[in-house]
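Pasting entry-v1.cif here (mmCIF, C-alpha atoms):
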```
data_data
#
loop_
_atom_site.label_atom_id
_atom_site.label_comp_id
_atom_site.auth_asym_id
_atom_site.auth_seq_id
_atom_site.Cartn_x
_atom_site.Cartn_y
_atom_site.Cartn_z
CA MET A 1 0.00 0.00 0.00
CA SER A 2 1.69 3.16 -1.18
CA SER A 3 -0.06 5.53 1.11
CA PRO A 4 0.95 9.14 0.47
CA THR A 5 0.53 10.00 4.11
CA LEU A 6 2.93 8.02 6.21
CA PRO A 7 2.25 7.84 9.94
CA ARG A 8 3.86 10.70 11.80
CA ASP A 9 6.23 8.50 13.79
CA VAL A 10 7.55 6.85 10.65
CA LYS A 11 8.30 10.25 9.14
CA TYR A 12 10.13 11.27 12.28
CA GLY A 13 11.96 7.97 12.18
CA ILE A 14 13.14 8.61 8.64
CA GLY A 15 14.25 12.11 9.58
CA LEU A 16 16.14 10.67 12.51
CA GLY A 17 17.81 8.10 10.29
CA ILE A 18 18.92 10.82 7.89
CA LEU A 19 20.34 12.87 10.75
CA TYR A 20 22.20 9.81 12.00
CA LEU A 21 23.68 9.15 8.56
CA LEU A 22 24.62 12.82 8.24
CA LEU A 23 26.51 12.62 11.53
CA GLY A 24 28.35 9.64 10.11
CA THR A 25 29.58 11.43 6.97
CA PRO A 26 33.32 12.08 6.89
CA MET A 27 32.72 15.83 6.73
CA ALA A 28 30.54 15.97 9.83
CA ARG A 29 32.86 13.61 11.65
CA ASP A 30 35.98 15.60 10.78
CA TRP A 31 34.40 18.80 11.99
CA LEU A 32 32.82 17.41 15.13
CA GLU A 33 35.93 15.45 16.08
CA ALA A 34 38.41 18.24 15.37
CA THR A 35 38.32 19.46 18.95
CA MET A 36 37.85 17.57 22.15
CA SER A 37 34.96 19.80 23.24
CA ARG A 38 32.97 19.18 20.10
CA HIS A 39 33.74 15.48 20.16
CA MET A 40 32.73 14.92 23.78
CA LEU A 41 30.13 17.60 24.25
CA VAL A 42 28.41 17.85 20.88
CA GLN A 43 28.86 14.70 18.82
CA MET A 44 28.54 12.15 21.60
CA PRO A 45 25.50 13.76 23.27
CA LEU A 46 23.86 14.08 19.83
CA LEU A 47 24.30 10.35 19.28
CA VAL A 48 22.72 9.62 22.65
CA ILE A 49 19.85 12.02 21.93
CA LEU A 50 19.22 10.34 18.58
CA GLY A 51 18.95 7.06 20.47
CA ILE A 52 16.57 8.61 22.99
CA ILE A 53 14.28 10.05 20.32
CA GLY A 54 14.52 6.88 18.26
CA CYS A 55 13.46 4.70 21.14
CA ARG A 56 10.56 6.97 22.01
CA LEU A 57 9.26 6.65 18.46
CA LEU A 58 8.85 2.91 18.92
CA PRO A 59 5.35 1.72 19.86
CA VAL A 60 4.96 1.77 23.64
CA ARG A 61 3.91 -1.89 23.55
CA TRP A 62 7.31 -2.85 22.11
CA GLN A 63 9.11 -0.74 24.64
CA ASN A 64 7.26 -2.43 27.49
CA ASP A 65 7.89 -5.81 25.94
CA VAL A 66 11.64 -5.28 25.68
CA LEU A 67 11.76 -3.83 29.17
CA ALA A 68 9.98 -6.88 30.57
CA ARG A 69 12.28 -9.24 28.68
CA VAL A 70 15.49 -7.68 29.90
CA GLY A 71 14.27 -7.63 33.47
CA GLY A 72 13.17 -4.08 34.16
CA SER A 73 14.86 -0.77 34.58
CA VAL A 74 17.84 -1.67 36.76
CA PRO A 75 19.81 -3.59 34.10
CA CYS A 76 18.92 -0.86 31.58
CA VAL A 77 20.37 1.86 33.77
CA MET A 78 23.46 -0.30 34.36
CA VAL A 79 24.05 -0.78 30.63
CA ALA A 80 23.75 2.97 30.05
CA LEU A 81 26.09 3.65 32.95
CA PHE A 82 28.80 1.31 31.68
CA ALA A 83 28.57 2.44 28.08
CA SER A 84 28.59 6.15 28.90
CA SER A 85 31.45 5.77 31.37
CA TYR A 86 33.53 4.01 28.75
CA TRP A 87 33.21 6.90 26.33
CA MET A 88 34.42 9.27 29.01
CA LEU A 89 37.84 7.56 29.05
CA PRO A 90 40.46 9.63 27.23
CA ARG A 91 41.69 6.42 25.68
CA ALA A 92 38.30 5.79 24.10
CA LEU A 93 38.36 9.24 22.50
CA ASP A 94 41.77 8.60 20.98
CA ALA A 95 40.71 5.15 19.81
CA ALA A 96 37.64 6.55 18.06
CA LEU A 97 39.95 8.78 16.04
CA THR A 98 42.60 6.23 15.18
CA GLU A 99 40.71 2.96 14.91
CA PRO A 100 37.75 2.67 12.52
CA LEU A 101 36.30 -0.19 14.56
CA ALA A 102 36.19 1.97 17.68
CA GLU A 103 34.46 4.73 15.71
CA VAL A 104 31.80 2.29 14.53
CA GLY A 105 31.45 1.09 18.11
CA LYS A 106 30.89 4.66 19.25
CA PHE A 107 28.20 5.32 16.63
CA LEU A 108 26.39 2.12 17.62
CA SER A 109 26.85 2.06 21.36
CA LEU A 110 25.92 5.64 22.23
CA PRO A 111 22.41 5.49 20.74
CA LEU A 112 21.74 1.79 21.39
CA LEU A 113 23.42 1.23 24.74
CA VAL A 114 22.91 4.65 26.30
CA GLY A 115 19.91 6.35 24.66
CA PHE A 116 17.67 3.30 24.22
CA PRO A 117 18.02 1.72 27.66
CA LEU A 118 17.62 5.09 29.36
CA VAL A 119 14.26 5.64 27.67
CA LEU A 120 13.15 2.08 28.43
CA ALA A 121 14.07 2.44 32.07
CA TRP A 122 12.95 6.00 32.58
CA ARG A 123 9.21 5.46 32.80
CA ARG A 124 9.60 2.82 35.46
CA LEU A 125 12.09 4.73 37.51
CA THR A 126 10.93 6.33 40.71
CA LEU A 127 11.98 9.83 41.64
CA ILE A 128 14.86 8.33 43.56
CA GLY A 129 15.89 6.24 40.56
CA ARG A 130 15.86 9.25 38.28
CA GLY A 131 17.69 11.26 40.89
CA PHE A 132 20.37 8.55 40.98
CA VAL A 133 20.82 8.68 37.22
CA TRP A 134 20.96 12.48 37.14
CA THR A 135 23.25 13.01 40.10
CA ASN A 136 25.50 10.21 38.91
CA PHE A 137 25.78 11.76 35.46
CA ILE A 138 26.20 15.32 36.72
CA SER A 139 28.88 14.39 39.23
CA MET A 140 30.74 12.29 36.66
CA LEU A 141 30.73 15.24 34.28
CA ALA A 142 31.94 17.65 36.94
CA VAL A 143 34.71 15.39 38.24
CA LEU A 144 35.95 14.56 34.76
CA GLY A 145 35.86 18.23 33.77
CA TRP A 146 37.83 19.16 36.85
CA LEU A 147 40.36 16.40 36.10
CA TYR A 148 40.79 17.71 32.57
CA ILE A 149 41.40 21.23 33.87
CA VAL A 150 44.02 20.29 36.46
CA ALA A 151 45.64 17.32 34.69
CA PRO A 152 49.37 18.01 34.44
CA VAL A 153 49.58 15.86 31.31
CA ARG A 154 47.85 15.73 28.00
CA VAL A 155 45.35 12.89 28.33
CA CYS A 156 44.54 12.57 24.62
CA ASN A 157 47.34 12.21 22.13
CA SER A 158 45.04 13.53 19.41
CA TYR A 159 44.09 16.80 21.08
CA LEU A 160 45.96 19.91 22.12
CA VAL A 161 46.42 20.46 25.81
CA ASN A 162 44.51 23.78 25.59
CA ASP A 163 41.65 21.92 24.06
CA GLN A 164 41.59 19.58 27.02
CA GLU A 165 41.35 22.52 29.39
CA HIS A 166 38.53 24.09 27.37
CA ALA A 167 36.62 20.82 27.34
CA GLY A 168 37.15 20.59 31.09
CA TRP A 169 35.67 24.02 31.69
CA TYR A 170 32.71 23.33 29.44
CA MET A 171 32.06 20.14 31.38
CA VAL A 172 32.20 21.85 34.74
CA ILE A 173 29.95 24.69 33.57
CA GLY A 174 27.62 22.23 31.86
CA SER A 175 27.34 20.11 34.98
CA ILE A 176 26.45 23.17 37.08
CA LEU A 177 23.80 24.30 34.58
CA LEU A 178 22.37 20.79 34.37
CA PHE A 179 22.25 20.56 38.14
CA VAL A 180 20.45 23.88 38.49
CA TRP A 181 17.99 22.94 35.77
CA TRP A 182 17.33 19.52 37.27
CA LEU A 183 16.84 21.03 40.69
CA ALA A 184 14.41 23.56 39.22
CA THR A 185 12.35 20.83 37.56
CA LEU A 186 12.04 19.15 40.95
CA PHE A 187 10.25 22.17 42.29
CA ILE A 188 8.31 23.48 39.35
CA GLY A 189 8.36 20.81 36.66
CA SER A 190 6.07 17.84 36.40
CA GLY A 191 8.11 15.47 34.27
CA VAL A 192 10.71 14.36 36.76
CA GLY A 193 8.59 12.53 39.25
CA PRO A 194 7.14 9.09 38.78
CA ASN A 195 4.51 8.73 36.14
CA LYS A 196 1.19 10.24 36.93
CA PRO A 197 -1.39 7.51 37.02
CA GLY A 198 -3.37 7.17 33.83
CA GLY A 199 -0.52 8.63 31.84
CA ASN A 200 -0.79 5.59 29.60
CA GLY A 201 2.94 5.21 29.53
CA SER A 202 3.42 8.33 27.51
CA GLY A 203 5.31 10.15 30.19
CA THR A 204 8.66 9.16 28.79
CA THR A 205 10.08 12.65 28.97
CA LEU A 206 13.65 12.61 30.10
CA ALA A 207 13.46 14.86 33.12
CA MET B 1 11.09 -16.65 35.66
CA ASN B 2 9.52 -14.03 37.89
CA PRO B 3 10.35 -10.38 37.18
CA VAL B 4 12.49 -9.85 40.25
CA LYS B 5 14.58 -12.92 39.57
CA ARG B 6 14.95 -11.90 35.94
CA SER B 7 16.05 -8.43 36.96
CA VAL B 8 18.66 -9.82 39.34
CA VAL B 9 19.99 -12.21 36.71
CA THR B 10 20.32 -9.64 33.92
CA THR B 11 21.72 -7.00 36.25
CA THR B 12 24.38 -9.42 37.42
CA LEU B 13 25.12 -10.30 33.81
CA VAL B 14 25.38 -6.64 32.79
CA ILE B 15 27.68 -5.80 35.69
CA SER B 16 29.95 -8.78 35.04
CA LEU B 17 30.12 -8.12 31.30
CA GLY B 18 30.58 -4.40 31.84
CA SER B 19 33.36 -4.91 34.37
CA TRP B 20 35.07 -7.42 32.12
CA PHE B 21 34.85 -4.97 29.23
CA PHE B 22 36.40 -2.18 31.31
CA TRP B 23 39.12 -4.51 32.51
CA TRP B 24 39.83 -5.53 28.93
CA ALA B 25 39.65 -2.00 27.48
CA THR B 26 42.02 -0.53 30.08
CA ASP B 27 44.60 -3.36 30.16
CA GLY B 28 43.47 -4.52 33.57
CA PHE B 29 42.54 -1.06 34.92
CA THR B 30 46.04 0.26 34.28
CA ALA B 31 45.85 2.19 30.99
CA PHE B 32 43.18 4.88 30.82
CA THR B 33 44.95 6.95 28.19
CA ALA B 34 46.24 6.01 24.76
CA GLU B 35 49.73 7.04 25.87
CA THR B 36 49.81 4.58 28.76
CA ALA B 37 48.28 1.91 26.53
CA ARG B 38 51.12 2.38 24.03
CA ARG B 39 53.70 1.88 26.77
CA VAL B 40 52.00 -1.16 28.26
CA GLU B 41 51.72 -2.79 24.86
CA ILE B 42 55.39 -2.24 24.03
CA LEU B 43 56.47 -3.78 27.32
CA ARG B 44 54.30 -6.80 26.64
CA SER B 45 55.36 -7.29 23.04
CA PRO B 46 58.36 -5.33 21.72
CA ARG B 47 57.47 -3.97 18.32
CA PRO B 48 59.50 -4.25 15.08
CA LEU B 49 60.17 -0.95 13.32
CA PRO B 50 59.78 -0.16 9.63
CA MET B 51 62.75 0.26 7.31
CA VAL B 52 62.95 3.99 6.62
CA THR B 53 65.69 6.22 5.26
CA LEU B 54 66.93 8.82 7.70
CA GLU B 55 69.23 11.71 6.90
CA ASP B 56 71.47 12.84 9.76
CA GLN B 57 72.91 16.26 10.50
CA ASP B 58 75.95 15.56 8.31
CA GLY B 59 73.82 14.47 5.37
CA ASN B 60 74.50 10.72 5.84
CA LYS B 61 71.73 8.35 4.80
CA ILE B 62 71.09 5.82 7.52
CA SER B 63 68.33 3.58 8.81
CA LEU B 64 67.35 2.40 12.27
CA GLN B 65 68.28 -1.11 11.20
CA ASP B 66 71.92 0.04 10.98
CA TYR B 67 71.81 0.15 14.76
CA GLU B 68 70.93 -3.51 15.21
CA GLY B 69 73.19 -5.17 17.74
CA ARG B 70 73.31 -1.96 19.77
CA LEU B 71 70.86 -0.36 22.14
CA LEU B 72 69.36 2.80 20.76
CA ALA B 73 67.63 5.66 22.55
CA VAL B 74 65.16 7.50 20.33
CA ASP B 75 63.28 10.76 20.83
CA PHE B 76 61.15 12.82 18.48
CA ILE B 77 61.66 16.55 18.05
CA TYR B 78 61.34 19.51 15.73
CA THR B 79 64.12 22.05 15.89
CA SER B 80 61.96 25.18 15.82
CA CYS B 81 60.32 23.99 19.02
CA THR B 82 60.65 26.55 21.76
CA THR B 83 59.39 24.51 24.68
CA LEU B 84 59.61 20.80 25.30
CA CYS B 85 62.16 19.82 22.65
CA GLN B 86 64.69 22.16 24.21
CA SER B 87 64.44 20.23 27.43
CA MET B 88 64.44 17.01 25.37
CA GLY B 89 67.93 17.98 24.20
CA MET B 90 69.07 18.44 27.79
CA ILE B 91 67.48 15.16 28.85
CA PHE B 92 69.17 13.21 26.07
CA LYS B 93 72.46 14.81 27.00
CA GLN B 94 71.90 13.77 30.61
CA ILE B 95 71.20 10.18 29.54
CA ARG B 96 74.33 10.07 27.40
CA ASP B 97 76.42 11.30 30.31
CA LEU B 98 75.00 8.59 32.59
CA ILE B 99 76.14 5.75 30.31
CA PRO B 100 79.67 4.37 30.81
CA ARG B 101 82.00 6.07 28.32
CA GLU B 102 83.34 2.79 26.89
CA SER B 103 79.86 1.68 25.87
CA LEU B 104 78.95 4.88 24.06
CA GLY B 105 78.77 4.40 20.33
CA ARG B 106 79.91 0.79 20.59
CA ASP B 107 77.01 -0.68 22.49
CA PHE B 108 74.67 2.26 22.92
CA ALA B 109 73.71 5.15 20.67
CA LEU B 110 71.18 7.96 20.62
CA ILE B 111 69.13 9.46 17.82
CA SER B 112 66.82 12.46 17.84
CA ILE B 113 64.39 12.24 14.95
CA SER B 114 62.68 15.33 13.57
CA PHE B 115 59.08 14.89 12.40
CA ASP B 116 59.13 18.22 10.57
CA PRO B 117 61.16 17.59 7.39
CA ASP B 118 59.65 20.67 5.73
CA HIS B 119 61.36 23.04 8.12
CA ASP B 120 64.21 20.96 9.45
CA ASP B 121 67.03 20.71 6.91
CA THR B 122 70.42 19.26 7.72
CA ALA B 123 71.68 22.71 8.73
CA SER B 124 69.03 23.18 11.42
CA LEU B 125 69.57 19.60 12.61
CA LYS B 126 73.28 20.37 12.90
CA LYS B 127 72.56 23.52 14.87
CA TYR B 128 70.27 21.61 17.24
CA GLY B 129 72.92 18.92 17.63
CA GLN B 130 75.66 21.44 18.39
CA ALA B 131 73.54 23.07 21.06
CA TYR B 132 73.47 19.84 23.07
CA GLY B 133 76.70 18.18 22.04
CA ALA B 134 75.22 15.64 19.64
CA ASP B 135 78.37 14.58 17.80
CA GLY B 136 76.77 12.90 14.78
CA LYS B 137 78.19 9.48 15.73
CA ILE B 138 77.18 8.54 19.25
CA TRP B 139 74.21 10.87 19.05
CA ARG B 140 72.71 11.70 15.71
CA VAL B 141 70.03 14.22 14.88
CA ALA B 142 68.10 13.08 11.83
CA ARG B 143 65.13 13.76 9.62
CA VAL B 144 62.95 11.47 7.50
CA PRO B 145 62.81 13.13 4.08
CA ASP B 146 60.04 10.92 2.71
CA LYS B 147 56.59 11.81 4.07
CA ALA B 148 55.10 8.33 3.71
CA GLU B 149 58.09 6.80 5.45
CA LEU B 150 57.85 9.36 8.21
CA LYS B 151 54.22 8.44 8.77
CA SER B 152 54.98 4.74 8.98
CA LEU B 153 57.77 5.44 11.45
CA LEU B 154 55.58 7.65 13.66
CA ASP B 155 52.79 5.07 13.51
CA ALA B 156 55.14 2.31 14.57
CA PHE B 157 56.33 4.36 17.54
CA GLY B 158 52.79 5.53 18.30
CA ILE B 159 53.68 9.22 18.01
CA VAL B 160 50.80 11.56 17.21
CA VAL B 161 51.81 15.01 15.97
CA ILE B 162 49.22 17.79 15.78
CA PRO B 163 49.85 21.41 14.81
CA ASP B 164 49.20 23.95 17.56
CA GLU B 165 47.92 27.47 17.08
CA PHE B 166 51.39 29.04 17.23
CA GLY B 167 52.81 27.39 14.12
CA GLY B 168 54.48 24.67 16.16
CA TYR B 169 53.38 21.17 17.11
CA GLU B 170 52.11 19.25 20.07
CA HIS B 171 53.11 15.63 20.28
CA ASN B 172 53.37 12.87 22.85
CA THR B 173 56.89 13.22 24.16
CA ALA B 174 58.70 10.27 25.65
CA LEU B 175 62.00 8.39 25.82
CA HIS B 176 62.12 5.31 23.61
CA LEU B 177 64.54 2.41 23.82
CA VAL B 178 65.12 0.13 20.85
CA GLY B 179 66.69 -3.22 21.71
CA ARG B 180 69.56 -4.99 19.97
CA ASP B 181 67.02 -6.92 17.92
CA GLY B 182 65.76 -3.65 16.44
CA ARG B 183 62.48 -3.78 18.30
CA LEU B 184 61.01 -0.96 20.33
CA ARG B 185 61.04 -2.35 23.86
CA LEU B 186 60.58 0.48 26.35
CA ILE B 187 58.86 3.87 26.52
CA THR B 188 59.18 6.09 29.58
CA ASP B 189 58.34 9.63 30.66
CA ILE B 190 60.84 12.31 29.82
CA ASP B 191 61.34 13.18 33.47
CA LYS B 192 62.64 9.66 34.06
CA ALA B 193 66.06 10.16 32.48
CA ALA B 194 68.00 8.55 35.34
CA PRO B 195 65.82 5.40 35.54
CA PHE B 196 65.97 5.17 31.75
CA ALA B 197 69.77 5.30 31.84
CA GLU B 198 69.78 2.67 34.60
CA GLN B 199 67.69 0.37 32.41
CA VAL B 200 70.15 0.86 29.57
CA VAL B 201 73.16 0.15 31.80
CA ALA B 202 71.46 -2.99 33.08
CA LEU B 203 71.12 -4.22 29.50
CA LEU B 204 74.66 -3.38 28.39
#
```

Target encoding C-alpha cells, full file:
Amino acid sequence: MSSPTLPRDVKYGIGLGILYLLLGTPMARDWLEATMSRHMLVQMPLLVILGIIGCRLLPVRWQNDVLARVGGSVPCVMVALFASSYWMLPRALDAALTEPLAEVGKFLSLPLLVGFPLVLAWRRLTLIGRGFVWTNFISMLAVLGWLYIVAPVRVCNSYLVNDQEHAGWYMVIGSILLFVWWLATLFIGSGVGPNKPGGNGSGTTLA
Amino acid sequence: MNPVKRSVVTTTLVISLGSWFFWWATDGFTAFTAETARRVEILRSPRPLPMVTLEDQDGNKISLQDYEGRLLAVDFIYTSCTTLCQSMGMIFKQIRDLIPRESLGRDFALISISFDPDHDDTASLKKYGQAYGADGKIWRVARVPDKAELKSLLDAFGIVVIPDEFGGYEHNTALHLVGRDGRLRLITDIDKAAPFAEQVVALL
C-alpha cells in the first residue's frame, strides 16, 4: 500500500535516520571530532539524543515488551552507565579517532546502549531512581571536567592540551547548569517525578 | 522466571560483562589513556620498526636497522620547538652522560628524529645537535625526508603530531629504547632520564 501519508512517527523515524547518517559522513565527523569539546560535548550527546528520540518513536507496547524481557529498569540503567562511562575515558576518545572499529562502536553504542536503555528504564524509575541517574551523570561530568582542567599531562594524544582545558571548563559549567535545571524541575516541573497515574505510559520525557 | 529474579539475573550479567569490558579496554585497569596503553603494549610485546631512510645532520643516509646489535635511545623533536624539545635535548644529553664512556657508540647510541622535514634541513639539525653536544656518531640528529616513510615510522612508535595554534606542534613526548634486535622495547616519561639510563646500563 503506497499511502501518500505516512504515519507521523515513521516520518520522524526517517528524519532521525537521515540525521544519523549525516553525523556519520566524513565531513561531519571531521568537523565534530576536530576538537575535544565538540567530540565529547556535541557529537557524543547528539548520538545519545538520537537514540533517545529513536526509542521513544517505537510503539509503547514494544518498549514495554523489551523492558519486561530484559528484566526491568535496573539492568537498563546499568548498561547505560557502563557504556557512557567508557566513552568518558580519554583512551576511548583517541581510539575513536585512530581505529575505525572503535568509531563504529561509538556510533552504535551511544544510541543503542545509552539512549535506548535510558528511555526504556525512565518510565519505570521512581523519583529516587531518576535522581540517581541524574546526580550520577552530573557528578561524573563535573569530576571529569575538573580532572581535565588540572591534569598536568595531556590525556589525549590527538588533542591539544589547551583543548583539554577548554573541554574541562565546558564540562564543569555544563554540569552546574544541568544541576540547576534539574533542581528547578524538581520544584516546578512535572516530568521528573514518577509517572502520573493514567498517563498511559506516555510520560517518557527525560526529566 | 519471575520479574524480580529476571532483573537480578540480567543486572548481574550486565555488571559482570561491563566490568570485564572495562578490565579488557584498560589493560586490567592500568591504561586509561592512549599514551599509557602504548607503553604497556610495548612492554608486553616489543614492536619491530619499519625500514625507513633517515638523513642525519651531516647528510649521511642511515636507517634504524643500521643500529641492530646496539641499544638505541630515540626521541622525536622539531628544531623550531621553543618549549619541550629544548628540554628534550638536555634530557638526552643527561642520559648520554650517565652511560659508561666505553659503551657509548659501541654498544649504545642515541638518535633524535625530527618529524618536521619541511622546516628541518640538515643545517638546522646540525645547529640543534651542536647546542646539546650531539656529535653525529654517538648521538645523531636526523630527519625522515620521505613523508610516507615518516608516517609509517611515527605510527610504529605511536607518536601523534598535531599542529598547535602558534605554528608549532604538540606531540606525545617520551623516551624510547630500541633493543639490539631492532624492536622498540621500552617507553618512559621524559622526566625519568635517570631510571631510563639505569635500564640501559642494566642491558649493556

Pick out the residues sitting within 7 Å of A:Asp94, and hand them over as a ChimeraX atom specification; count all atoms listed in the file, and ignore anything fewer than 2 positions along from it in its own chain.
/A:90-92,96-98,156-158 /B:34

Could you list, as a PyMOL selection string, every residue within 7 Å of stretch 136-146 of chain B, counting all atoms listed in the file and ignoring same-chain residues fewer than 6 positions away?
chain B and resi 53-57+104-105+109-115+117+125+129

At most 10 Å to chain A: residues in chain B, only C-alpha atoms, as a ChimeraX atom specification
/B:1-15,17-19,21-22,25-26,31-37,158-165,169-173

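Atom to atom, atom CA of A:Thr5 and atom CA of A:Gly54 stand 20.1 Å apart.
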
Record the distance separating atom CA of B:Leu71 and atom CA of B:Ala197, expressed in Å with one decimal.
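For atom CA of B:Leu71 relative to atom CA of B:Ala197, the distance reads 11.3 Å.
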
Could you list, as a list in words, every residue matched by the PyMOL selection byres ((chain B and resi 156) around 9) in this structure?
Arg47, Pro48, Leu49, Pro50, Lys151, Ser152, Leu153, Leu154, Asp155, Phe157, Gly158, Ile159 and Leu184 of chain B

Could you give me, as a list in words, the residues within 12 Å of A:Pro59, counting only C-alpha atoms and dropping anything in the same chain fewer than 4 positions from it?
Asp9, Val10, Gly13, Gly54, Cys55, Gln63, Asn64, Asp65, Val66, Leu120, Gly201 and Ser202 of chain A

Write out as a list of chain:residue names each polymer residue whose atoms come within 12 Å of A:Ala167, counting all atoms listed in the file; drop sequence neighbours fewer than 5 positions from it.
A:Thr35, A:Met36, A:Ser37, A:Arg38, A:His39, A:Met40, A:Leu41, A:Val42, A:Met88, A:Pro90, A:Leu141, A:Ala142, A:Leu144, A:Gly145, A:Trp146, A:Leu147, A:Tyr148, A:Ile149, A:Val150, A:Val155, A:Cys156, A:Tyr159, A:Leu160, A:Val161, A:Asn162, A:Val172, A:Ile173, A:Gly174

Could those residues be written to a file, using C-alpha atoms, as a compact mmCIF listing (two decimals), keeping the file's coordinate frame?
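File written: result20.txt
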```txt
# COMPACT_ATOMS: atom_id res chain seq x y z
CA THR A 35 38.32 19.46 18.95
CA MET A 36 37.85 17.57 22.15
CA SER A 37 34.96 19.80 23.24
CA ARG A 38 32.97 19.18 20.10
CA HIS A 39 33.74 15.48 20.16
CA MET A 40 32.73 14.92 23.78
CA LEU A 41 30.13 17.60 24.25
CA VAL A 42 28.41 17.85 20.88
CA MET A 88 34.42 9.27 29.01
CA PRO A 90 40.46 9.63 27.23
CA LEU A 141 30.73 15.24 34.28
CA ALA A 142 31.94 17.65 36.94
CA LEU A 144 35.95 14.56 34.76
CA GLY A 145 35.86 18.23 33.77
CA TRP A 146 37.83 19.16 36.85
CA LEU A 147 40.36 16.40 36.10
CA TYR A 148 40.79 17.71 32.57
CA ILE A 149 41.40 21.23 33.87
CA VAL A 150 44.02 20.29 36.46
CA VAL A 155 45.35 12.89 28.33
CA CYS A 156 44.54 12.57 24.62
CA TYR A 159 44.09 16.80 21.08
CA LEU A 160 45.96 19.91 22.12
CA VAL A 161 46.42 20.46 25.81
CA ASN A 162 44.51 23.78 25.59
CA VAL A 172 32.20 21.85 34.74
CA ILE A 173 29.95 24.69 33.57
CA GLY A 174 27.62 22.23 31.86
```

Figure out the distance between atom CA of B:Arg180 and atom CA of B:Gln65, please, to one decimal in Å.
9.7 Å
